[in-house]
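Dropping coords_12.cif in here (mmCIF, C-alpha atoms):
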data_entry
#
loop_
_atom_site.label_atom_id
_atom_site.label_comp_id
_atom_site.auth_asym_id
_atom_site.auth_seq_id
_atom_site.Cartn_x
_atom_site.Cartn_y
_atom_site.Cartn_z
CA MET Y 124 0.00 0.00 0.00
CA GLU Y 125 1.43 3.36 -1.06
CA LYS Y 126 1.87 6.09 1.49
CA GLU Y 127 -0.42 9.07 0.92
CA ILE Y 128 1.55 12.25 0.24
CA ASN Y 129 0.65 15.27 2.33
CA LYS Y 130 -0.02 18.42 0.35
CA GLY Y 131 2.46 21.05 1.45
CA ALA Y 132 6.19 20.87 2.04
CA GLU Y 133 6.25 17.11 1.43
CA SER Y 134 4.51 17.20 -1.97
CA LEU Y 135 6.69 20.10 -3.12
CA MET Y 136 9.91 18.40 -2.02
CA LEU Y 137 8.95 15.15 -3.74
CA ALA Y 138 8.17 16.99 -7.00
CA VAL Y 139 11.53 18.78 -6.90
CA GLN Y 140 13.43 15.61 -6.03
CA LEU Y 141 11.72 13.79 -8.90
CA ASP Y 142 12.88 16.49 -11.34
CA CYS Y 143 16.39 16.52 -9.88
CA ASN Y 144 16.62 12.76 -10.35
CA LYS Y 145 15.01 12.73 -13.80
CA ASP Y 146 16.35 15.85 -15.52
CA GLY Y 147 19.06 16.92 -13.14
CA GLU Y 148 22.02 15.08 -11.80
CA GLY Y 149 20.32 13.62 -8.74
CA CYS Y 150 21.74 16.49 -6.77
CA PHE Y 151 18.77 17.77 -4.72
CA ASN Y 152 19.85 20.39 -2.19
CA PRO Y 153 17.08 22.05 -0.12
CA ASN Y 154 19.24 25.15 0.34
CA GLY Y 155 19.51 25.83 -3.40
CA CYS Y 156 22.06 24.64 -5.91
CA ASP Y 157 25.46 24.35 -4.26
CA LYS Y 158 27.42 23.76 -7.45
CA GLN Y 159 29.67 26.58 -8.58
CA GLY Y 160 30.57 28.11 -11.92
CA ARG Y 161 30.05 25.98 -14.99
CA THR Y 162 28.92 22.98 -13.00
CA LYS Y 163 25.94 24.91 -11.58
CA CYS Y 164 22.71 23.20 -12.63
CA PHE Y 165 21.01 24.84 -15.59
CA HIS Y 166 17.51 23.74 -14.52
CA ARG Y 167 17.53 25.51 -11.11
CA PHE Y 168 15.11 23.06 -9.44
CA CYS Y 169 16.84 23.39 -6.06
CA ASP Y 170 16.94 27.18 -6.34
CA LYS Y 171 13.17 27.24 -7.00
CA TYR Y 172 12.59 24.98 -3.98
CA LYS Y 173 14.58 27.36 -1.77
CA TRP Y 174 12.71 30.36 -3.23
CA VAL Y 175 9.33 28.74 -2.42
CA LEU Y 176 10.38 27.98 1.17
CA ASP Y 177 11.68 31.52 1.65
CA ARG Y 178 8.51 33.05 0.18
CA ALA Y 179 6.33 30.79 2.34
CA GLU Y 180 8.29 31.99 5.39
CA HIS Y 181 7.68 35.59 4.31
CA TYR Y 182 3.93 34.90 4.01
CA SER Y 183 3.81 33.07 7.34
CA GLU Y 184 5.38 36.00 9.17
CA ALA Y 185 3.14 38.57 7.47
CA LEU Y 186 -0.08 36.58 7.86
CA GLY Y 187 0.41 35.02 11.29
CA ALA Y 188 0.29 31.47 9.94
CA THR Y 189 2.82 28.67 9.92
CA LYS Y 190 5.00 28.05 6.90
CA GLU Y 191 3.43 24.61 6.54
CA GLU Y 192 -0.10 26.14 6.49
CA VAL Y 193 0.96 28.49 3.69
CA LEU Y 194 2.60 25.68 1.71
CA LYS Y 195 -0.46 23.47 2.16
CA VAL Y 196 -2.75 26.14 0.66
CA TRP Y 197 -0.34 26.73 -2.24
CA GLU Y 198 0.26 23.05 -2.97
CA THR Y 199 -3.46 22.22 -2.73
CA SER Y 200 -4.18 24.99 -5.27
CA ARG Y 201 -1.29 24.12 -7.57
CA ASN Y 202 -2.40 22.13 -10.60
CA TYR Y 203 0.60 22.63 -12.88
CA TRP Y 204 4.39 22.44 -12.71
CA TYR Y 205 5.89 24.09 -9.63
CA MET Y 206 8.58 25.85 -11.72
CA ASN Y 207 5.81 27.84 -13.45
CA TYR Y 208 3.39 28.08 -10.51
CA TYR Y 209 5.81 29.60 -8.02
CA GLN Y 210 6.89 33.06 -9.14
CA ASP Y 211 6.71 36.70 -8.08
CA GLY Y 212 3.57 37.26 -10.13
CA LYS Y 213 1.67 34.53 -8.30
CA GLN Y 214 3.21 34.85 -4.83
CA PRO Y 215 4.24 38.53 -4.67
CA GLN Y 216 6.03 40.12 -1.74
CA ILE Y 217 3.34 41.23 0.71
CA GLN Y 218 4.96 44.65 1.23
CA ASN Y 219 4.27 45.36 -2.45
CA GLU Y 220 1.88 48.33 -2.90
CA ASN Y 221 -0.37 46.17 -5.09
CA VAL Y 222 -0.86 43.49 -2.42
CA HIS Y 223 -3.65 44.02 0.11
CA VAL Y 224 -4.22 41.81 3.15
CA PHE Y 225 -7.61 41.52 4.85
CA GLU Y 226 -8.61 39.59 7.96
CA ASP Y 227 -11.57 37.92 6.24
CA GLN Y 228 -14.04 38.21 3.39
CA ASP Y 229 -16.33 40.59 5.32
CA GLN Y 230 -13.49 43.09 5.77
CA LEU Y 231 -12.51 42.66 2.12
CA LEU Y 232 -16.02 43.33 0.83
CA ALA Y 233 -16.39 46.39 3.07
CA LYS Y 234 -13.16 47.91 1.68
CA ILE Y 235 -13.15 47.14 -2.04
CA GLY Y 236 -16.63 48.27 -3.06
CA LYS Y 237 -18.40 47.11 -6.21
CA GLU Y 238 -16.54 48.95 -8.94
CA PHE Y 239 -13.27 47.90 -10.54
CA ARG Y 240 -11.04 49.51 -13.17
CA CYS Y 241 -10.59 47.34 -16.25
CA PRO Y 242 -6.90 47.51 -17.22
CA ALA Y 243 -7.68 47.20 -20.95
CA CYS Y 244 -10.52 49.67 -21.65
CA GLU Y 245 -9.97 51.62 -18.39
CA LYS Y 246 -13.74 51.80 -17.85
CA ILE Y 247 -15.59 50.72 -14.71
CA SER Y 248 -16.44 47.04 -14.38
CA THR Y 249 -18.84 45.58 -11.83
CA ASN Y 250 -16.89 42.31 -11.92
CA PRO Y 251 -13.36 42.13 -10.45
CA TYR Y 252 -12.30 39.29 -12.80
CA GLU Y 253 -14.03 40.01 -16.13
CA CYS Y 254 -14.80 43.38 -17.69
CA SER Y 255 -18.55 43.97 -17.65
CA GLN Y 256 -18.43 46.55 -20.47
CA ASP Y 257 -20.15 45.43 -23.70
CA ASP Y 258 -17.21 46.52 -25.86
CA CYS Y 259 -14.53 44.78 -23.78
CA ASP Y 260 -13.94 41.15 -22.88
CA TRP Y 261 -10.79 41.49 -20.77
CA LYS Y 262 -10.20 38.97 -17.99
CA SER Y 263 -7.88 39.24 -15.00
CA TYR Y 264 -7.05 35.55 -15.35
CA GLY Y 265 -6.23 35.72 -19.07
CA LEU Y 266 -2.82 35.51 -20.68
CA MET Y 267 -1.94 39.17 -20.02
CA GLY Y 268 -3.62 39.29 -16.59
CA THR Y 269 -4.15 42.84 -15.42
CA MET Y 270 -1.09 44.21 -17.23
CA GLY Y 271 0.36 45.38 -13.91
CA LYS Y 272 -2.73 47.48 -13.18
CA GLY Y 273 -4.50 45.04 -10.84
CA VAL Y 274 -4.10 44.06 -7.20
CA THR Y 275 -3.53 40.87 -5.26
CA ILE Y 276 -5.95 40.29 -2.40
CA ILE Y 277 -5.03 37.94 0.48
CA LEU Y 278 -7.38 36.77 3.24
CA LYS Y 279 -5.61 36.01 6.52
CA ASN Y 280 -8.24 33.63 7.85
CA THR Y 281 -8.06 31.27 4.83
CA LEU Y 282 -4.65 32.25 3.33
CA GLN Y 283 -6.41 32.41 -0.05
CA GLN Y 284 -5.30 34.97 -2.59
CA GLU Y 285 -6.73 36.32 -5.82
CA HIS Y 286 -5.52 38.72 -8.48
CA ILE Y 287 -8.27 41.13 -9.54
CA PHE Y 288 -8.90 44.40 -11.36
CA LYS Y 289 -8.00 47.36 -9.17
CA PRO Y 290 -10.98 48.48 -7.06
CA VAL Y 291 -12.01 52.05 -7.84
CA SER Y 292 -12.02 52.65 -4.08
CA PHE Y 293 -8.22 52.09 -4.10
CA GLU Y 294 -7.58 54.79 -6.68
CA THR Y 295 -6.08 58.00 -5.40
CA LYS Y 296 -7.84 61.23 -6.20
#

Represent the structure contained in this file as structure tokens.
Amino acid sequence: MEKEINKGAESLMLAVQLDCNKDGEGCFNPNGCDKQGRTKCFHRFCDKYKWVLDRAEHYSEALGATKEEVLKVWETSRNYWYMNYYQDGKQPQIQNENVHVFEDQDQLLAKIGKEFRCPACEKISTNPYECSQDDCDWKSYGLMGTMGKGVTIILKNTLQQEHIFKPVSFETK
């Protein structure tokens, strides 16, 4: 009987080790690649693993959660290769001006309002993910995302995060 893999640090480590053994040189190092110069791995699997652990630590400190809780949410949500899933665009630094942390959904809804700025047509949308204007079909989850004009919302109580059009209530006058 196979052991069930826990989503979180364990599932991430096993995925990285599998890649290191398959496409690398079997040289998994949890502290990042320790090879120097020309012998440094070109695939950077170990460096990505270290980046994810460091970013999870950053989130745990900022959100009052454990690193394992953060990793569990991320790994449960991840449905594609970790090398593409884990990146600044998906797990941005929380001190970033375009990242907003709320205690829970009630606080979020009270602060963001019901109007959002579409990054493509720059008109008001009533939907934070898809432009509600008849002449625009932009989506925050599309290939170009919000073109750097959106915000990341994080809820402390669930550790969930979303990238949405910028709420009009966040715009400065």

Kindly resolve the PyMOL selection byres ((chain Y and resi 193-201) around 7) on the present coordinates and return the residues as a PDB file with C-alpha atoms, in the frame of the given file.
ATOM      1  CA  LYS Y 130      -0.020  18.420   0.350  1.00  0.00           C
ATOM      2  CA  GLY Y 131       2.460  21.050   1.450  1.00  0.00           C
ATOM      3  CA  ALA Y 132       6.190  20.870   2.040  1.00  0.00           C
ATOM      4  CA  ALA Y 179       6.330  30.790   2.340  1.00  0.00           C
ATOM      5  CA  SER Y 183       3.810  33.070   7.340  1.00  0.00           C
ATOM      6  CA  ALA Y 188       0.290  31.470   9.940  1.00  0.00           C
ATOM      7  CA  THR Y 189       2.820  28.670   9.920  1.00  0.00           C
ATOM      8  CA  LYS Y 190       5.000  28.050   6.900  1.00  0.00           C
ATOM      9  CA  GLU Y 191       3.430  24.610   6.540  1.00  0.00           C
ATOM     10  CA  GLU Y 192      -0.100  26.140   6.490  1.00  0.00           C
ATOM     11  CA  ASN Y 202      -2.400  22.130 -10.600  1.00  0.00           C
ATOM     12  CA  TYR Y 203       0.600  22.630 -12.880  1.00  0.00           C
ATOM     13  CA  TYR Y 208       3.390  28.080 -10.510  1.00  0.00           C
ATOM     14  CA  LEU Y 282      -4.650  32.250   3.330  1.00  0.00           C
TER      15      LEU Y 282
END

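Of the residues under consideration (Y:Asn207, Y:Asn280, Y:Gln159, Y:Asn154), Y:Asn154 shows the shortest atom-to-atom contact distance to Tyr172 (chain Y) when counting all atoms listed in the file.
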
Expansion of the PyMOL selection byres ((chain Y and resi 239) around 9) into residues, as a compact mmCIF listing (two decimals) with C-alpha atoms, in the coordinates of the input:
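Result went into selection17.txt, see below:
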# COMPACT_ATOMS: atom_id res chain seq x y z
CA ILE Y 235 -13.15 47.14 -2.04
CA GLY Y 236 -16.63 48.27 -3.06
CA LYS Y 237 -18.40 47.11 -6.21
CA GLU Y 238 -16.54 48.95 -8.94
CA ARG Y 240 -11.04 49.51 -13.17
CA CYS Y 241 -10.59 47.34 -16.25
CA LYS Y 246 -13.74 51.80 -17.85
CA ILE Y 247 -15.59 50.72 -14.71
CA SER Y 248 -16.44 47.04 -14.38
CA THR Y 249 -18.84 45.58 -11.83
CA ASN Y 250 -16.89 42.31 -11.92
CA PRO Y 251 -13.36 42.13 -10.45
CA TYR Y 252 -12.30 39.29 -12.80
CA CYS Y 254 -14.80 43.38 -17.69
CA ILE Y 287 -8.27 41.13 -9.54
CA PHE Y 288 -8.90 44.40 -11.36
CA LYS Y 289 -8.00 47.36 -9.17
CA PRO Y 290 -10.98 48.48 -7.06
CA VAL Y 291 -12.01 52.05 -7.84
CA SER Y 292 -12.02 52.65 -4.08

Query - Nearest candidate to Lys234 (chain Y) (options Y:Phe293, Y:Phe151, Y:Tyr264, Y:Tyr209; using all atoms listed in the file) - result: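 Nearest to Lys234 (chain Y): Y:Phe293.
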
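As for CA of Lys171 (chain Y) and CA of Gly155 (chain Y), they are spaced 7.4 Å apart.
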
Query raised in the report: Separation of CA of Met136 (chain Y) and CA of Trp174 (chain Y), in Å?
Result: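 Atom-to-atom, CA of Met136 (chain Y) to CA of Trp174 (chain Y), that is 12.3 Å.
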
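The two atoms in question, CA of Asp146 (chain Y) and CA of Met206 (chain Y), are spaced 13.2 Å apart.
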
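Using only C-alpha atoms, the shortest contact distance between Gln218 (chain Y) and any of Y:Lys279, Y:Asn129, Y:Thr269, Y:Tyr182 is found at Y:Tyr182.
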
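Among Y:Phe165, Y:Gln284, Y:Ser255, Y:Cys244, the residue with the shortest atom-to-atom distance to Lys272 (chain Y), counting all atoms listed in the file, is Y:Cys244.
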
Report task. Evaluate the PyMOL selection byres ((chain Y and resi 168) around 12) here and jot the selected residues down as a PyMOL selection string. Result -> chain Y and resi 135-157+163-167+169-175+204-207+209

Report as an mmCIF file with C-alpha atoms, keeping the file's coordinate frame all protein, DNA and RNA residues lying within 9 Å of Thr281 (chain Y), evaluated on only C-alpha atoms, omitting residues in the same chain fewer than 4 positions from it.
data_model
loop_
_atom_site.group_PDB
_atom_site.id
_atom_site.type_symbol
_atom_site.label_atom_id
_atom_site.label_comp_id
_atom_site.auth_asym_id
_atom_site.auth_seq_id
_atom_site.Cartn_x
_atom_site.Cartn_y
_atom_site.Cartn_z
ATOM 1 C CA VAL Y 196 -2.750 26.140 0.660
ATOM 2 C CA GLU Y 226 -8.610 39.590 7.960
ATOM 3 C CA ASP Y 227 -11.570 37.920 6.240
ATOM 4 C CA ILE Y 277 -5.030 37.940 0.480
#
